Every structure is written in C-alpha cells, then in structure tokens.
Amino acid sequence: MDIEEVGISNYLKELIAILEKIGADNFARIVDRYGEEMWRIYVALGKGELEEEPFYNIIEKADNEYWTINPNIGELLEAYFVKIHTEIIDVQED
C-alpha cells in the first residue's frame with residue numbers, strides 16, 4: 001500500500017484496525033497518537049523544509065512508549081497466528 005496514494009489518514013486507520021484485530025490495542029494507540037505527525041514531519045524533512053531534530057524527537061517519543069508495552073508485538077502476532085493458522089494453512093494430520 002502506497003501511503004501517498006491512499007493518504008496518511010486512510011493508511012493509519014487501516015494499520016490501527018489491523019493492530020486492534022490482533023489485540024495490539026496499545027500499539028494502535030501509539031500509531032494513533034504519533035502517526036500523522038510523524039508522516040507530516042517526514043514529508044517536510046524530505047522536502048528540506050525542516051531540520052532533522054523534530055523528526056528524531058517524535059520518533060523518540062513513540063519509541064519510548066513502544067518499549068514500555070508488554071506483551072511485545074511479536075508475542076501478539078504469534079498468538080494471533082496460532083489462533084487463525086487453520087484458516088490460512090491447510091493442516092493435514094497423519
């Protein structure tokens with residue numbers, strides 16, 4: 001999915017919905033809280049309209065919150081996969 005084609009709001013809505021679907025509500029809140037601002041700063045930085053410091057500041061805020069969440073995203077993805085694996089993989093028993 002190309003963010004520029006679908007727009008940052010649509011992209012973030014879909015990402016947040018996916019995170020919520022796998023039980024990663026805390027991660028979804030981080031995306032909701034920082035996503036649009038990160039994108040706005042990233043685009044401005046790419047155009048040379050801003051220095052790098054605001055970009056690193058917002059990334060640091062989101063990153064700090066990310067690392068305080070337990071369980072981590074890997075554990076949530078693994079639990080979700082175990083829950084749905086028979087829907088996406090043809091499991092044959094011997």
# chains A, B, ... in the order shown; residues from 1 in each chain; ligands from 1
call {"tool": "residues_around", "arguments": {"residues": "A:Val31", "least_positions_apart": "3", "cutoff": "8 Å", "atoms": "only C-alpha atoms", "output": "VMD selection string"}}
result
chain A and resid 12 16 27 to 28 34 to 35
call {"tool": "write_last_selection", "arguments": {"atoms": "N, CA and C atoms", "output": "short mmCIF file (atom, residue, chain, number, x, y, z; two decimals), in the first residue's frame"}}
result
data_model
loop_
_atom_site.label_atom_id
_atom_site.label_comp_id
_atom_site.auth_asym_id
_atom_site.auth_seq_id
_atom_site.Cartn_x
_atom_site.Cartn_y
_atom_site.Cartn_z
N LEU A 12 -3.32 5.05 8.18
CA LEU A 12 -3.27 4.88 9.63
C LEU A 12 -4.52 4.19 10.16
N ILE A 16 -4.22 0.83 12.24
CA ILE A 16 -4.80 0.77 13.59
C ILE A 16 -5.81 -0.37 13.69
N PHE A 27 -0.38 -0.66 20.94
CA PHE A 27 0.40 -0.25 19.77
C PHE A 27 -0.46 0.63 18.85
N ALA A 28 -1.74 0.29 18.75
CA ALA A 28 -2.65 1.09 17.93
C ALA A 28 -2.75 2.51 18.47
N TYR A 34 0.83 9.32 17.30
CA TYR A 34 2.01 9.90 16.65
C TYR A 34 2.05 9.76 15.13
N GLY A 35 1.23 8.91 14.56
CA GLY A 35 1.33 8.58 13.14
C GLY A 35 1.27 9.76 12.19
#
call {"tool": "residues_around", "arguments": {"residues": "A:Lys13", "least_positions_apart": "6", "cutoff": "12 Å", "atoms": "only C-alpha atoms", "output": "VMD selection string"}}
result
chain A and resid 3 6 to 7 19 to 20 28 to 29 31 to 33 35 to 36
call {"tool": "write_last_selection", "arguments": {"atoms": "C-alpha atoms", "output": "mmCIF file, in the first residue's frame"}}
result
data_model
loop_
_atom_site.group_PDB
_atom_site.id
_atom_site.type_symbol
_atom_site.label_atom_id
_atom_site.label_comp_id
_atom_site.auth_asym_id
_atom_site.auth_seq_id
_atom_site.Cartn_x
_atom_site.Cartn_y
_atom_site.Cartn_z
ATOM 1 C CA ILE A 3 0.746 5.993 1.644
ATOM 2 C CA VAL A 6 -4.311 6.244 -0.142
ATOM 3 C CA GLY A 7 -3.486 9.182 2.109
ATOM 4 C CA LEU A 19 -3.291 -3.794 15.255
ATOM 5 C CA GLU A 20 -6.584 -3.883 17.140
ATOM 6 C CA ALA A 28 -2.651 1.086 17.932
ATOM 7 C CA ARG A 29 -2.820 3.997 20.378
ATOM 8 C CA VAL A 31 0.116 4.873 15.922
ATOM 9 C CA ASP A 32 -2.988 6.987 16.513
ATOM 10 C CA ARG A 33 -1.114 9.406 18.769
ATOM 11 C CA GLY A 35 1.333 8.578 13.144
ATOM 12 C CA GLU A 36 0.087 11.686 11.358
#
call {"tool": "atom_distance", "arguments": {"atom1": "atom CA of A:Asn26", "atom2": "atom CA of A:Glu14"}}
result
15.4 Å
call {"tool": "atom_distance", "arguments": {"atom1": "atom CA of A:Ile18", "atom2": "atom CA of A:Gln92"}}
result
28.3 Å
call {"tool": "atom_distance", "arguments": {"atom1": "atom CA of A:Ile22", "atom2": "atom CA of A:Asn10"}}
result
18.8 Å
call {"tool": "residues_around", "arguments": {"residues": "A:Ile59", "least_positions_apart": "2", "cutoff": "12 Å", "atoms": "only C-alpha atoms", "output": "CSV table (one decimal) with N, CA and C atoms, in the first residue's frame"}}
result
chain,number,residue,atom,x,y,z
A,30,ILE,N,-0.4,4.1,20.0
A,30,ILE,CA,0.8,4.9,19.7
A,30,ILE,C,0.7,5.3,18.2
A,31,VAL,N,0.3,4.5,17.3
A,31,VAL,CA,0.1,4.9,15.9
A,31,VAL,C,-0.9,6.0,15.8
A,33,ARG,N,-1.7,8.2,18.1
A,33,ARG,CA,-1.1,9.4,18.8
A,33,ARG,C,0.0,10.1,17.9
A,34,TYR,N,0.8,9.3,17.3
A,34,TYR,CA,2.0,9.9,16.6
A,34,TYR,C,2.0,9.8,15.1
A,35,GLY,N,1.2,8.9,14.6
A,35,GLY,CA,1.3,8.6,13.1
A,35,GLY,C,1.3,9.8,12.2
A,36,GLU,N,0.2,10.6,12.3
A,36,GLU,CA,0.1,11.7,11.4
A,36,GLU,C,1.2,12.7,11.5
A,37,GLU,N,1.6,13.0,12.8
A,37,GLU,CA,2.7,13.9,13.0
A,37,GLU,C,4.0,13.4,12.4
A,38,MET,N,4.2,12.1,12.6
A,38,MET,CA,5.5,11.5,12.1
A,38,MET,C,5.5,11.7,10.6
A,39,TRP,N,4.4,11.4,9.9
A,39,TRP,CA,4.3,11.5,8.5
A,39,TRP,C,4.5,12.9,8.0
A,41,ILE,N,6.0,15.4,9.5
A,41,ILE,CA,7.4,15.8,9.7
A,41,ILE,C,8.3,15.1,8.7
A,42,TYR,N,8.1,13.8,8.4
A,42,TYR,CA,8.9,13.0,7.5
A,42,TYR,C,8.8,13.7,6.1
A,52,GLU,N,16.4,17.9,11.1
A,52,GLU,CA,16.2,16.5,11.5
A,52,GLU,C,15.7,16.4,12.9
A,53,GLU,N,16.0,17.4,13.8
A,53,GLU,CA,15.7,17.3,15.2
A,53,GLU,C,14.2,17.0,15.5
A,54,PRO,N,13.2,17.7,14.9
A,54,PRO,CA,11.8,17.4,15.2
A,54,PRO,C,11.4,16.0,14.8
A,55,PHE,N,12.0,15.5,13.8
A,55,PHE,CA,11.7,14.1,13.3
A,55,PHE,C,12.2,13.1,14.4
A,56,TYR,N,13.5,13.3,14.8
A,56,TYR,CA,14.0,12.4,15.8
A,56,TYR,C,13.3,12.5,17.2
A,57,ASN,N,12.8,13.7,17.5
A,57,ASN,CA,12.1,13.9,18.8
A,57,ASN,C,10.8,13.1,18.8
A,61,LYS,N,9.8,9.8,21.1
A,61,LYS,CA,8.6,9.7,22.0
A,61,LYS,C,7.8,8.4,21.7
A,62,ALA,N,7.6,8.2,20.4
A,62,ALA,CA,6.8,6.9,20.1
A,62,ALA,C,7.6,5.7,20.5
A,63,ASP,N,8.9,5.7,20.2
A,63,ASP,CA,9.8,4.6,20.5
A,63,ASP,C,9.8,4.3,22.0
A,64,ASN,N,9.9,5.3,22.8
A,64,ASN,CA,9.8,5.1,24.3
A,64,ASN,C,8.6,4.5,24.7
A,65,GLU,N,7.4,4.9,24.2
A,65,GLU,CA,6.2,4.3,24.5
A,65,GLU,C,6.1,2.8,24.0
A,66,TYR,N,6.6,2.6,22.8
A,66,TYR,CA,6.6,1.3,22.2
A,66,TYR,C,7.3,0.2,23.2
call {"tool": "closest_residue", "arguments": {"among": "A:Glu51, A:Gly23, A:Ala17, A:Ile8", "to": "A:Lys83", "atoms": "only C-alpha atoms"}}
result
A:Gly23
